file entry-v4.tsv (TSV, C-alpha atoms)
chain	number	residue	atom	x	y	z
A	124	MET	CA	58.48	31.14	-0.01
A	125	ILE	CA	56.50	29.01	-2.46
A	126	LYS	CA	53.16	30.58	-3.30
A	127	LYS	CA	50.26	28.31	-2.47
A	128	VAL	CA	48.17	27.61	-5.56
A	129	ASP	CA	44.43	27.13	-5.22
A	130	ILE	CA	43.20	24.33	-7.47
A	131	GLY	CA	40.31	23.29	-5.25
A	132	SER	CA	36.61	23.09	-6.05
A	133	LYS	CA	35.72	26.77	-5.58
A	134	ARG	CA	38.62	27.89	-7.76
A	135	LEU	CA	37.59	25.49	-10.54
A	136	ILE	CA	33.91	26.45	-10.50
A	137	SER	CA	34.72	30.18	-10.42
A	138	LEU	CA	36.50	29.92	-13.80
A	139	ALA	CA	33.14	29.92	-15.61
A	140	PRO	CA	30.45	30.05	-12.92
A	141	ASP	CA	27.43	30.75	-15.15
A	142	ASN	CA	28.38	27.91	-17.49
A	143	TRP	CA	28.85	25.63	-14.48
A	144	VAL	CA	25.47	26.28	-12.81
A	145	GLN	CA	23.66	25.98	-16.15
A	146	TRP	CA	25.40	22.66	-16.75
A	147	VAL	CA	24.67	21.10	-13.35
A	148	THR	CA	21.02	22.20	-13.45
A	149	GLN	CA	20.50	21.68	-17.20
A	150	ARG	CA	18.84	25.10	-17.29
A	151	LYS	CA	20.02	27.99	-19.47
A	152	ASP	CA	18.01	30.65	-17.59
A	153	ILE	CA	20.13	30.58	-14.40
A	154	TRP	CA	22.85	33.10	-13.49
A	155	VAL	CA	25.26	33.33	-10.57
A	156	LYS	CA	24.81	36.13	-8.07
A	157	GLU	CA	27.56	35.24	-5.59
A	158	PHE	CA	29.57	32.51	-3.91
A	159	ILE	CA	28.53	32.31	-0.28
A	160	SER	CA	29.95	30.65	2.81
A	161	SER	CA	29.43	26.90	3.18
A	162	GLU	CA	30.91	26.87	6.69
A	163	PHE	CA	28.39	25.77	9.29
A	164	GLN	CA	29.68	26.17	12.85
A	165	TRP	CA	31.94	23.12	13.27
A	166	ILE	CA	31.64	21.94	9.67
A	167	SER	CA	33.92	23.24	6.91
A	168	ARG	CA	35.20	21.30	3.92
A	169	ASP	CA	37.20	22.26	0.84
A	170	ASN	CA	34.98	20.29	-1.54
A	171	ASP	CA	31.72	22.09	-0.73
A	172	VAL	CA	30.78	25.10	-2.86
A	173	LEU	CA	27.58	27.00	-2.17
A	174	ILE	CA	26.39	29.43	-4.86
A	175	LYS	CA	23.50	31.88	-4.78
A	176	VAL	CA	21.85	32.02	-8.21
A	177	GLU	CA	18.74	33.46	-9.77
A	178	ASN	CA	16.37	32.67	-12.56
A	179	PRO	CA	13.06	34.26	-13.68
A	180	GLU	CA	11.30	32.59	-10.73
A	181	GLY	CA	13.64	34.06	-8.11
A	182	GLU	CA	16.74	33.25	-6.03
A	183	PHE	CA	17.92	29.87	-4.78
A	184	LEU	CA	21.15	28.10	-3.79
A	185	ILE	CA	23.13	25.44	-5.63
A	186	LEU	CA	25.08	23.19	-3.27
A	187	ASN	CA	28.01	21.60	-5.11
A	188	GLU	CA	29.80	18.66	-3.50
A	189	LEU	CA	32.83	17.38	-5.44
A	190	GLN	CA	34.26	14.02	-4.41
A	191	LEU	CA	37.29	12.21	-5.79
A	192	ARG	CA	35.39	8.95	-5.21
A	193	TYR	CA	31.93	8.30	-3.85
A	194	LYS	CA	31.79	7.48	-0.14
A	195	GLU	CA	28.98	5.47	1.40
A	196	THR	CA	28.38	8.23	3.93
A	197	MET	CA	27.55	10.78	1.20
A	198	PRO	CA	23.72	10.45	1.24
A	199	LEU	CA	23.60	11.31	4.95
A	200	ARG	CA	26.19	14.05	4.49
A	201	MET	CA	24.24	15.59	1.60
A	202	ARG	CA	21.07	15.58	3.71
A	203	ALA	CA	22.91	17.31	6.57
A	204	TYR	CA	24.48	20.02	4.39
A	205	ILE	CA	21.20	20.73	2.61
A	206	ALA	CA	19.37	21.16	5.93
A	207	LEU	CA	22.09	23.42	7.34
A	208	ALA	CA	22.12	25.61	4.21
A	209	GLU	CA	18.31	25.90	4.20
A	210	GLU	CA	18.24	26.86	7.86
A	211	ARG	CA	21.00	29.44	7.53
A	212	TYR	CA	19.99	31.14	4.27
A	213	ASN	CA	16.24	30.43	4.13
A	214	LEU	CA	16.36	29.73	0.40
A	215	PRO	CA	15.52	26.68	-1.71
A	216	ILE	CA	18.47	24.34	-2.37
A	217	TYR	CA	19.41	22.53	-5.56
A	218	PRO	CA	21.99	19.93	-4.37
A	219	VAL	CA	24.50	18.27	-6.71
A	220	LEU	CA	27.02	15.52	-5.95
A	221	ILE	CA	29.86	15.31	-8.50
A	222	ASN	CA	32.00	12.14	-8.39
A	223	ILE	CA	35.32	12.30	-10.22
A	224	LEU	CA	36.52	8.67	-10.28
A	225	PRO	CA	34.46	5.45	-10.21
A	226	HIS	CA	34.01	3.55	-6.96
A	227	VAL	CA	34.64	-0.16	-7.48
A	228	LYS	CA	32.44	-1.33	-4.62
A	229	THR	CA	29.53	1.01	-5.38
A	230	PRO	CA	28.97	1.12	-9.15
A	231	ASN	CA	25.35	2.28	-8.73
A	232	ILE	CA	25.51	5.53	-6.80
A	233	PRO	CA	22.23	6.58	-5.15
A	234	ASN	CA	20.75	10.01	-5.79
A	235	PHE	CA	18.73	10.21	-2.59
A	236	TYR	CA	18.87	9.73	1.18
A	237	GLN	CA	16.15	7.66	2.80
A	238	GLN	CA	15.61	6.37	6.32
A	239	GLU	CA	12.69	5.18	8.38
A	240	PHE	CA	12.74	4.81	12.16
A	241	MET	CA	9.78	4.04	14.40
A	242	GLY	CA	7.35	5.12	11.70
A	243	MET	CA	9.24	8.38	11.02
A	244	LYS	CA	10.52	8.82	7.45
A	245	SER	CA	13.34	11.02	6.22
A	246	TYR	CA	13.96	11.58	2.53
A	247	GLN	CA	16.18	13.87	0.45
A	248	ASP	CA	16.81	13.94	-3.32
A	249	TYR	CA	19.98	15.31	-4.91
A	250	ARG	CA	21.44	15.19	-8.40
A	251	VAL	CA	24.41	12.89	-9.06
A	252	ILE	CA	26.92	13.63	-11.83
A	253	ASN	CA	29.58	10.98	-12.48
A	254	LEU	CA	32.35	12.58	-14.51
A	255	TRP	CA	33.35	9.32	-16.19
A	256	GLU	CA	29.87	9.28	-17.78
A	257	ILE	CA	30.21	12.82	-19.19
A	258	GLU	CA	31.31	13.20	-22.83
A	259	ALA	CA	34.64	15.02	-23.08
A	260	ASP	CA	33.43	16.86	-26.19
A	261	LEU	CA	30.85	18.63	-24.01
A	262	VAL	CA	33.63	20.47	-22.17
A	263	PHE	CA	34.80	22.13	-25.37
A	264	ALA	CA	31.34	22.62	-26.89
A	265	GLU	CA	29.94	24.40	-23.82
A	266	ASN	CA	33.18	26.08	-22.72
A	267	LEU	CA	33.20	24.34	-19.34
A	268	SER	CA	36.62	25.58	-18.24
A	269	SER	CA	36.05	24.12	-14.78
A	270	LEU	CA	36.16	20.60	-16.23
A	271	LEU	CA	39.27	20.99	-18.39
A	272	PRO	CA	41.61	19.37	-15.79
A	273	PHE	CA	39.28	16.35	-15.65
A	274	VAL	CA	39.13	15.77	-19.43
A	275	PRO	CA	41.36	12.63	-19.35
A	276	ILE	CA	38.93	10.75	-17.12
A	277	LEU	CA	35.78	11.87	-18.96
A	278	LYS	CA	34.05	9.62	-21.50
A	279	GLY	CA	36.18	9.66	-24.64
A	280	GLY	CA	38.74	11.91	-22.97
A	281	GLY	CA	41.54	9.36	-22.57
A	282	GLU	CA	42.80	9.77	-26.13
A	283	GLU	CA	46.07	11.61	-26.62
A	284	ALA	CA	44.53	14.05	-29.12
A	285	VAL	CA	41.75	15.00	-26.69
A	286	VAL	CA	44.18	15.56	-23.82
A	287	ARG	CA	46.36	17.72	-26.10
A	288	LYS	CA	43.29	19.78	-26.96
A	289	ALA	CA	42.59	20.33	-23.25
A	290	VAL	CA	46.20	21.40	-22.66
A	291	ILE	CA	45.95	23.93	-25.51
A	292	LYS	CA	42.78	25.36	-23.98
A	293	LEU	CA	44.51	25.75	-20.61
A	294	ARG	CA	47.51	27.47	-22.15
A	295	GLU	CA	45.35	29.91	-24.12
A	296	ASN	CA	44.26	31.53	-20.85
A	297	GLU	CA	46.87	32.70	-18.36
A	298	GLN	CA	44.35	32.31	-15.51
A	299	LEU	CA	44.19	28.57	-16.23
A	300	SER	CA	47.93	27.90	-16.40
A	301	ASP	CA	48.20	26.65	-12.81
A	302	LEU	CA	45.67	23.89	-13.56
A	303	GLU	CA	48.05	22.01	-15.85
A	304	PRO	CA	49.57	19.87	-13.06
A	305	LEU	CA	46.05	18.76	-12.13
A	306	LEU	CA	45.37	17.82	-15.76
A	307	SER	CA	48.71	15.94	-15.76
A	308	PHE	CA	47.64	14.09	-12.63
A	309	PHE	CA	44.43	12.77	-14.19
A	310	ALA	CA	46.13	12.12	-17.54
A	311	ALA	CA	48.48	9.72	-15.71
A	312	PHE	CA	45.45	7.53	-14.96
A	313	VAL	CA	44.84	6.85	-18.67
A	314	LEU	CA	47.99	7.59	-20.68
A	315	GLU	CA	51.53	6.24	-20.61
A	316	MET	CA	53.91	8.49	-18.72
A	317	PRO	CA	56.15	9.32	-21.73
A	318	ILE	CA	53.09	10.70	-23.51
A	319	VAL	CA	52.13	12.75	-20.46
A	320	GLN	CA	55.68	14.09	-20.39
A	321	GLN	CA	55.58	15.07	-24.05
A	322	ILE	CA	52.37	17.05	-23.99
A	323	MET	CA	52.33	18.86	-20.64
A	324	ARG	CA	54.27	20.20	-17.70
A	325	TRP	CA	54.51	18.45	-14.34
A	326	ASP	CA	54.83	20.41	-11.12
A	327	MET	CA	54.78	18.19	-8.03
A	328	ILE	CA	54.78	21.18	-5.66
A	329	VAL	CA	51.66	22.69	-7.25
A	330	LEU	CA	49.99	19.29	-7.45
A	331	ARG	CA	50.46	18.67	-3.73
A	332	GLU	CA	48.19	21.67	-3.04
A	333	SER	CA	45.31	19.95	-4.80
A	334	PRO	CA	42.57	18.41	-2.61
A	335	TRP	CA	42.36	15.57	-5.15
A	336	TYR	CA	46.02	14.69	-4.54
A	337	GLN	CA	45.36	14.86	-0.81
A	338	GLU	CA	42.44	12.46	-1.23
A	339	ILE	CA	44.75	9.93	-2.90
A	340	LEU	CA	47.12	10.25	0.05
A	341	LYS	CA	44.26	9.76	2.50
A	342	GLU	CA	43.34	6.51	0.76
A	343	GLY	CA	46.88	5.27	1.29
A	344	GLU	CA	46.84	6.54	4.87
A	345	LYS	CA	43.61	4.67	5.57
A	346	ARG	CA	45.01	1.43	4.15
A	347	GLY	CA	48.18	1.89	6.16
A	348	LEU	CA	46.28	2.38	9.41
A	349	GLN	CA	43.99	-0.57	8.66
A	350	GLN	CA	47.05	-2.75	8.20
A	351	GLY	CA	48.25	-1.84	11.68
A	352	GLU	CA	51.14	0.49	10.84
A	353	LEU	CA	52.86	1.26	14.13
A	354	ARG	CA	53.86	4.75	13.14
A	355	GLY	CA	50.25	5.75	12.62
A	356	GLU	CA	49.12	8.70	10.54
A	357	GLN	CA	52.53	9.86	9.30
A	358	ARG	CA	53.40	6.38	8.11
A	359	GLY	CA	50.02	6.12	6.42
A	360	LYS	CA	50.56	9.39	4.57
A	361	GLN	CA	54.03	8.26	3.51
A	362	GLU	CA	52.59	5.00	2.19
A	363	GLY	CA	50.01	6.95	0.19
A	364	GLU	CA	52.77	9.05	-1.40
A	365	ALA	CA	54.76	5.91	-2.19
A	366	ASN	CA	51.74	4.24	-3.81
A	367	LEU	CA	51.16	7.29	-6.00
A	368	VAL	CA	54.79	7.45	-7.15
A	369	ILE	CA	54.83	3.69	-7.84
A	370	ARG	CA	51.66	4.05	-9.87
A	371	LEU	CA	53.15	6.82	-12.01
A	372	LEU	CA	56.41	4.92	-12.51
A	373	SER	CA	54.48	1.79	-13.50
A	374	LYS	CA	52.61	3.79	-16.13
A	375	ARG	CA	55.95	4.77	-17.60
A	376	PHE	CA	58.07	1.64	-17.34
A	377	GLY	CA	55.52	-1.15	-16.83
A	378	ASN	CA	55.33	-3.35	-13.75
A	379	LEU	CA	58.21	-2.63	-11.36
A	380	ASP	CA	60.32	-5.34	-9.75
A	381	GLN	CA	59.43	-6.11	-6.17
A	382	GLU	CA	62.90	-5.02	-5.06
A	383	ILE	CA	62.41	-1.59	-6.64
A	384	THR	CA	58.95	-1.08	-5.13
A	385	SER	CA	60.37	-2.11	-1.77
A	386	GLN	CA	63.12	0.51	-2.08
A	387	ILE	CA	60.57	3.18	-2.97
A	388	ARG	CA	58.39	2.35	0.02
A	389	GLN	CA	61.40	2.83	2.30
A	390	LEU	CA	61.95	6.40	1.09
A	391	SER	CA	61.11	9.34	3.34
A	392	SER	CA	58.42	11.85	2.36
A	393	PRO	CA	60.97	14.44	1.10
A	394	GLN	CA	62.68	11.72	-0.95
A	395	LEU	CA	59.34	10.62	-2.42
A	396	GLU	CA	58.57	14.21	-3.39
A	397	THR	CA	61.96	14.52	-5.10
A	398	LEU	CA	61.42	11.22	-6.91
A	399	GLY	CA	57.98	12.35	-8.06
A	400	GLU	CA	59.47	15.52	-9.52
A	401	SER	CA	62.21	13.49	-11.26
A	402	ILE	CA	59.93	10.99	-13.02
A	403	PHE	CA	59.87	12.87	-16.30
A	404	ASP	CA	63.68	13.14	-16.27
A	405	PHE	CA	64.02	9.34	-16.50
A	406	SER	CA	64.33	8.01	-20.05
A	407	ALA	CA	64.96	4.37	-19.07
A	408	MET	CA	64.57	2.03	-16.12
A	409	ALA	CA	68.31	2.34	-15.55
A	410	ASP	CA	67.82	6.01	-14.66
A	411	LEU	CA	65.38	5.05	-11.91
A	412	GLU	CA	67.71	2.34	-10.62
A	413	ASN	CA	70.62	4.81	-10.53
A	414	TRP	CA	68.48	7.37	-8.70
A	415	LEU	CA	67.50	4.81	-6.08
A	416	GLN	CA	71.10	3.67	-5.65
A	417	GLN	CA	72.25	7.25	-5.10
A	418	ASN	CA	69.44	8.09	-2.68
A	419	THR	CA	69.17	4.90	-0.61
A	420	ASP	CA	72.80	4.14	0.12
call {"tool": "encode", "arguments": {"input": "entry-v4.tsv", "output": "structure tokens"}}
result
Amino acid sequence: MIKKVDIGSKRLISLAPDNWVQWVTQRKDIWVKEFISSEFQWISRDNDVLIKVENPEGEFLILNELQLRYKETMPLRMRAYIALAEERYNLPIYPVLINILPHVKTPNIPNFYQQEFMGMKSYQDYRVINLWEIEADLVFAENLSSLLPFVPILKGGGEEAVVRKAVIKLRENEQLSDLEPLLSFFAAFVLEMPIVQQIMRWDMIVLRESPWYQEILKEGEKRGLQQGELRGEQRGKQEGEANLVIRLLSKRFGNLDQEITSQIRQLSSPQLETLGESIFDFSAMADLENWLQQNTD
């Protein structure tokens, strides 16, 4: 049986928790006491991480919400999670929303929730951190191991030399070795695929366990359902996988012919997974064409 690898938010933050909480709060006098449950009755999400910390003034909680891309529902969601955490633990909350990739439709991401109804006002502040605005050099200078997989999409992190440096840091620590597929995933957003192949490993099975990969699939699923796919959710998920594979192949070989993309979209989920794992074995477009001919006949 394949061992499930945890490369979700809690796993990433736990790599260097004190460094993480000091970074998100911009305070050097804060230390982690424990990770506590962020499950509230019917609500439980992989991207929420609730940490009890302390400083000279006392104890409080840091609510970390990591999102692949900002969603317009986040202000209300942040308000809800903050209220639930306050009610359950009776401690002050320092809430932080971390966005990994830019949102095209919402370039200016709000850092508060506000509503007024019949003279009643609701308001909640929270800190917003957009990773694409964070300098990649900061990760190495402050030993932010939790951000190493995201280096390629940080400010100044899309250079080959910087990505190589992040890979070296991951390989120096055995506990970080399973994060390399996640680093590969984000490197594919900014580097050509042959370069990604040269400098790091690619493990599609490990990558599929990542919530970030699952978010990409959900985007494809949503588009598929919006377009009226008759086979519903499964078809939407399959379309998301196909879009991801096409994106990676395009990074390597340039724009693909419409006939080739059509063939890829007709592949089953197991075939798409196999193709994703084979990408780095292709040295020329002919290899892809041969693979498709052998697997679609």
call {"tool": "atom_distance", "arguments": {"input": "entry-v4.tsv", "atom1": "atom CA of Asn418 of chain A", "atom2": "atom CA of Leu306 of chain A"}}
result
29.1 Å
call {"tool": "atom_distance", "arguments": {"input": "entry-v4.tsv", "atom1": "atom CA of Leu191 of chain A", "atom2": "atom CA of Pro225 of chain A"}}
result
8.6 Å
call {"tool": "residues_near_point", "arguments": {"input": "entry-v4.tsv", "point": "(17.4, 7.9, 2.8)", "cutoff": "9 Å", "atoms": "only C-alpha atoms", "output": "PDB file with C-alpha atoms, in the coordinates of the input"}}
result
ATOM      1  CA  PRO A 198      23.720  10.450   1.240  1.00  0.00           C
ATOM      2  CA  LEU A 199      23.600  11.310   4.950  1.00  0.00           C
ATOM      3  CA  ARG A 202      21.070  15.580   3.710  1.00  0.00           C
ATOM      4  CA  PHE A 235      18.730  10.210  -2.590  1.00  0.00           C
ATOM      5  CA  TYR A 236      18.870   9.730   1.180  1.00  0.00           C
ATOM      6  CA  GLN A 237      16.150   7.660   2.800  1.00  0.00           C
ATOM      7  CA  GLN A 238      15.610   6.370   6.320  1.00  0.00           C
ATOM      8  CA  GLU A 239      12.690   5.180   8.380  1.00  0.00           C
ATOM      9  CA  LYS A 244      10.520   8.820   7.450  1.00  0.00           C
ATOM     10  CA  SER A 245      13.340  11.020   6.220  1.00  0.00           C
ATOM     11  CA  TYR A 246      13.960  11.580   2.530  1.00  0.00           C
ATOM     12  CA  GLN A 247      16.180  13.870   0.450  1.00  0.00           C
ATOM     13  CA  ASP A 248      16.810  13.940  -3.320  1.00  0.00           C
TER      14      ASP A 248
END
call {"tool": "closest_residue", "arguments": {"input": "entry-v4.tsv", "among": "A:Glu364, A:Asp171, A:Glu265, A:Glu209", "to": "Gln149 of chain A", "atoms": "only C-alpha atoms"}}
result
A:Glu265
call {"tool": "residues_around", "arguments": {"input": "entry-v4.tsv", "residues": "Ile291 of chain A", "least_positions_apart": "5", "cutoff": "10 Å", "atoms": "only C-alpha atoms", "output": "short mmCIF file (atom, residue, chain, number, x, y, z; two decimals) with C-alpha atoms, keeping the file's coordinate frame"}}
result
data_model
loop_
_atom_site.label_atom_id
_atom_site.label_comp_id
_atom_site.auth_asym_id
_atom_site.auth_seq_id
_atom_site.Cartn_x
_atom_site.Cartn_y
_atom_site.Cartn_z
CA VAL A 285 41.75 15.00 -26.69
CA VAL A 286 44.18 15.56 -23.82
CA ASN A 296 44.26 31.53 -20.85
CA ILE A 322 52.37 17.05 -23.99
CA MET A 323 52.33 18.86 -20.64
#
call {"tool": "closest_residue", "arguments": {"input": "entry-v4.tsv", "among": "A:Phe240, A:Phe312, A:Tyr193, A:Phe273", "to": "Glu338 of chain A", "atoms": "all atoms listed in the file"}}
result
A:Tyr193
call {"tool": "closest_residue", "arguments": {"input": "entry-v4.tsv", "among": "A:Lys288, A:Lys194, A:Arg134, A:Arg388", "to": "Leu302 of chain A", "atoms": "all atoms listed in the file"}}
result
A:Arg134
call {"tool": "atom_distance", "arguments": {"input": "entry-v4.tsv", "atom1": "atom CA of Asn222 of chain A", "atom2": "atom CA of Gly363 of chain A"}}
result
20.6 Å
call {"tool": "axis_aligned_box", "arguments": {"input": "entry-v4.tsv", "around": "segment 308-322 of chain A", "padding_each_side": "6 Å", "output": "JSON"}}
result
{"center_x": 50.3, "center_y": 11.6, "center_z": -18.3, "size_x": 23.7, "size_y": 22.8, "size_z": 23.4}
call {"tool": "residues_around", "arguments": {"input": "entry-v4.tsv", "residues": "Met201 of chain A", "least_positions_apart": "4", "cutoff": "12 Å", "atoms": "all atoms listed in the file", "output": "PDB file with C-alpha atoms, in the frame of the given file"}}
result
ATOM      1  CA  ASP A 171      31.720  22.090  -0.730  1.00  0.00           C
ATOM      2  CA  LEU A 186      25.080  23.190  -3.270  1.00  0.00           C
ATOM      3  CA  ASN A 187      28.010  21.600  -5.110  1.00  0.00           C
ATOM      4  CA  GLU A 188      29.800  18.660  -3.500  1.00  0.00           C
ATOM      5  CA  LEU A 189      32.830  17.380  -5.440  1.00  0.00           C
ATOM      6  CA  GLN A 190      34.260  14.020  -4.410  1.00  0.00           C
ATOM      7  CA  TYR A 193      31.930   8.300  -3.850  1.00  0.00           C
ATOM      8  CA  LYS A 194      31.790   7.480  -0.140  1.00  0.00           C
ATOM      9  CA  GLU A 195      28.980   5.470   1.400  1.00  0.00           C
ATOM     10  CA  THR A 196      28.380   8.230   3.930  1.00  0.00           C
ATOM     11  CA  MET A 197      27.550  10.780   1.200  1.00  0.00           C
ATOM     12  CA  ILE A 205      21.200  20.730   2.610  1.00  0.00           C
ATOM     13  CA  ALA A 206      19.370  21.160   5.930  1.00  0.00           C
ATOM     14  CA  LEU A 207      22.090  23.420   7.340  1.00  0.00           C
ATOM     15  CA  ALA A 208      22.120  25.610   4.210  1.00  0.00           C
ATOM     16  CA  ILE A 216      18.470  24.340  -2.370  1.00  0.00           C
ATOM     17  CA  TYR A 217      19.410  22.530  -5.560  1.00  0.00           C
ATOM     18  CA  PRO A 218      21.990  19.930  -4.370  1.00  0.00           C
ATOM     19  CA  VAL A 219      24.500  18.270  -6.710  1.00  0.00           C
ATOM     20  CA  LEU A 220      27.020  15.520  -5.950  1.00  0.00           C
ATOM     21  CA  ILE A 221      29.860  15.310  -8.500  1.00  0.00           C
ATOM     22  CA  PRO A 233      22.230   6.580  -5.150  1.00  0.00           C
ATOM     23  CA  ASN A 234      20.750  10.010  -5.790  1.00  0.00           C
ATOM     24  CA  PHE A 235      18.730  10.210  -2.590  1.00  0.00           C
ATOM     25  CA  TYR A 236      18.870   9.730   1.180  1.00  0.00           C
ATOM     26  CA  GLN A 237      16.150   7.660   2.800  1.00  0.00           C
ATOM     27  CA  TYR A 246      13.960  11.580   2.530  1.00  0.00           C
ATOM     28  CA  GLN A 247      16.180  13.870   0.450  1.00  0.00           C
ATOM     29  CA  ASP A 248      16.810  13.940  -3.320  1.00  0.00           C
ATOM     30  CA  TYR A 249      19.980  15.310  -4.910  1.00  0.00           C
ATOM     31  CA  ARG A 250      21.440  15.190  -8.400  1.00  0.00           C
ATOM     32  CA  VAL A 251      24.410  12.890  -9.060  1.00  0.00           C
TER      33      VAL A 251
END
call {"tool": "closest_residue", "arguments": {"input": "entry-v4.tsv", "among": "A:Leu367, A:Asn178, A:Leu411, A:Asp141", "to": "Glu396 of chain A", "atoms": "only C-alpha atoms"}}
result
A:Leu367
call {"tool": "closest_residue", "arguments": {"input": "entry-v4.tsv", "among": "A:Leu214, A:Leu173, A:Val290, A:Ile369", "to": "Val144 of chain A", "atoms": "only C-alpha atoms"}}
result
A:Leu173
